[in-house]
Amino acid sequence: MVELSIIYDKVRFEEKVLYEKAQSKGVKSQIVDAKTVTVSTDSKKKDFAFGDVVMQRSVSHYRGLYLTACLEHLGFNVINKFKVAETCGNKLITSLVLAENNVPTPRTRFAFSAEGALETIHEAGFPLVLKPIVGSWGRGVFPLRDEETAGMIVEMREEDDSPLARIYYVQEMIDRPPRDIRCIVVGNRVVTAIYRYSAENEFRTNVARGGKAELAPITKELEDLALKAAKAVGGGIVGVDMMEDKKRGLIVHEVNNTVEFHGAASVSKTDIPGAMIDYAVKRVKK
Amino acid sequence: MKSKVECQECGADISVPEDAVVGEIVTCPDCGGDYEIASKGGSKVELKPAETVGEDWGQ
């Protein structure tokens with residue numbers, strides 16, 4: 001019998017339903033608090049009763065990332081792999097990987113100083129979107145519509161204590177309907193796709209920002225692109241976010257590692273957690 | 001049956017739903033303090049202050 005550990009640092013809807021689903025499928029499972037795990041260079045796999053496969057579901061990106069590194073070092077089969085988490089957790093690296101793999105993605109410029117940022121913003125022209133390279137739920141994402149606002153936001157970034165704040169990620173603003181598409185990819189299957197509509201007076205579509213979910217059809221174009229993007233970052237269980245560019249069609253702007261699916265589960269008839277558990281079990285049997 | 005636990009900040013009653021599991025976050029209705037369920041056995045529930053949302057939280 002396959003034994004599964006679900007690692008969490010805060011139990012959300014997702015971790016709860018994954019655990020319940022694993023139980024109902026007869027998979028011996030446990031939830032493990034990442035905050036209580038310690039590892040050393042002397043540690044051995046047998047010191048940890050984590051079973052055959054581990055689902056890394058920490059809400060803190062760095063906690064999940066580095067714990068995954070330790071677990072892979074010990075020989076555990078972790079979903080997702082460290083490499084996938086590392087790529088998806090950083091928007092700059094994700095953009096590079098998508099571009100390298102010919103996945104259509106918004107034109108994005110990178111700068112490494114305030115001067116560089118202002119120069120590249122000026123060259124690109126408005127409107128633009130400035131995003132932090134690490135961060136989620138739409139935090140720190142600013143629409144830039146004129147030089148004055150851009151200058152002020154860059155100045156604010158310079159005041160920030162985080163060294164990552166000095167890495168500038170400036171993206172073209174895509175001419176799109178007021179929604180994006182979240183595709184949940186599990187292995188080589190697009191399990192579900194939803195439109196996420198921005199809340200009123202909000203250009204960001206994150207469900208965490210009050211965005212509303214609606215089922216989206218899984219067209220051949222969407223399926224091919226979602227799978228290509230997932231493969232580009234290294235596969236596993238990921239959330240591929242797309243926009244419908246009025247000129248270019250579907251383009252991928254983000255791939256999420258510890259995918260949240262509360263919004264998707266509220267509108268989808270597909271058994272999303274069930275597909276994830278089946279994938280974890282299959283990973284062991286491979 | 002819901003369990004009631006006293007808020008460590010303001011003393012108000014925080015009700016913990018029956019189906020809540022260890023690791024879930026509950027919020028004090030009076031002061032808004034967040035707590036993580038540290039342990040749960042029958043109607044006995046222990047809470048600990050929850051971590052504050054970090055810059056790297058989320059997907």
# chains A, B, ... in the order shown; residues from 1 in each chain; ligands from 1
$ interface_residues --of "chain A" --to "chain B" --cutoff "10 Å" --atoms "only C-alpha atoms" --output "ChimeraX atom specification"
/A:8-13,15-16,31-33,57-63,88-89,134-140,208,238-239,255-260
$ write_last_selection --atoms "C-alpha atoms" --output "short mmCIF file (atom, residue, chain, number, x, y, z; two decimals), in the first residue's frame"
data_model
loop_
_atom_site.label_atom_id
_atom_site.label_comp_id
_atom_site.auth_asym_id
_atom_site.auth_seq_id
_atom_site.Cartn_x
_atom_site.Cartn_y
_atom_site.Cartn_z
CA TYR A 8 1.79 21.79 5.35
CA ASP A 9 2.56 24.85 7.40
CA LYS A 10 -1.01 26.07 7.48
CA VAL A 11 -3.92 23.79 6.65
CA ARG A 12 -6.07 25.39 3.98
CA PHE A 13 -9.06 24.03 2.10
CA GLU A 15 -4.64 20.37 2.26
CA LYS A 16 -7.79 19.29 4.04
CA ILE A 31 -0.28 15.42 7.35
CA VAL A 32 3.06 16.72 8.58
CA ASP A 33 3.70 20.21 9.94
CA ARG A 57 2.02 21.98 0.30
CA SER A 58 3.67 24.66 2.45
CA VAL A 59 2.13 28.08 1.91
CA SER A 60 5.52 29.70 2.54
CA HIS A 61 7.48 29.41 -0.71
CA TYR A 62 10.94 29.35 0.85
CA ARG A 63 9.97 26.96 3.61
CA CYS A 88 7.84 28.49 -10.48
CA GLY A 89 8.58 30.42 -7.29
CA VAL A 134 8.97 36.42 -5.73
CA GLY A 135 5.55 36.78 -4.22
CA SER A 136 2.01 35.78 -4.82
CA TRP A 137 -1.67 36.49 -4.43
CA GLY A 138 -1.03 39.57 -6.58
CA ARG A 139 0.88 41.38 -3.82
CA GLY A 140 3.14 44.18 -5.00
CA ALA A 208 -7.22 35.77 -3.21
CA VAL A 238 1.06 22.95 -11.37
CA GLY A 239 -1.33 25.81 -12.05
CA VAL A 255 3.10 28.74 -13.59
CA ASN A 256 2.27 28.07 -9.94
CA ASN A 257 3.97 25.43 -7.88
CA THR A 258 1.83 24.81 -4.78
CA VAL A 259 -1.35 25.27 -6.71
CA GLU A 260 -4.43 26.51 -4.88
#
$ closest_residue --among "B:Lys4, B:Pro29, B:Pro17, B:Glu9" --to "Pro49 (chain B)" --atoms "only C-alpha atoms"
B:Glu9
$ select_by_dssp --residues "chain B" --states "strand (DSSP E or B)" --output "PyMOL selection string"
chain B and resi 3-6+13-16+24-27+34-41+44-49+57
$ residues_around --residues "Tyr19 (chain A)" --least-positions-apart "2" --cutoff "8 Å" --atoms "only C-alpha atoms" --output "tab-separated table (two decimals) with C-alpha atoms, in the first residue's frame"
chain	number	residue	atom	x	y	z
A	6	ILE	CA	1.17	15.88	2.93
A	15	GLU	CA	-4.64	20.37	2.26
A	16	LYS	CA	-7.79	19.29	4.04
A	17	VAL	CA	-9.50	17.91	0.94
A	21	LYS	CA	-9.42	12.26	-0.57
A	22	ALA	CA	-6.31	10.18	0.11
A	23	GLN	CA	-8.10	8.52	3.05
A	29	SER	CA	-1.68	9.18	4.57
A	30	GLN	CA	-0.65	11.68	7.17
A	31	ILE	CA	-0.28	15.42	7.35
$ residues_around --residues "Glu147 (chain A)" --least-positions-apart "3" --cutoff "10 Å" --atoms "only C-alpha atoms" --output "list in words"
Leu118, Ile121, His122, Gly125, Phe126, Pro127, Leu144, Ala150, Gly151, Met152 and Ile153 of chain A
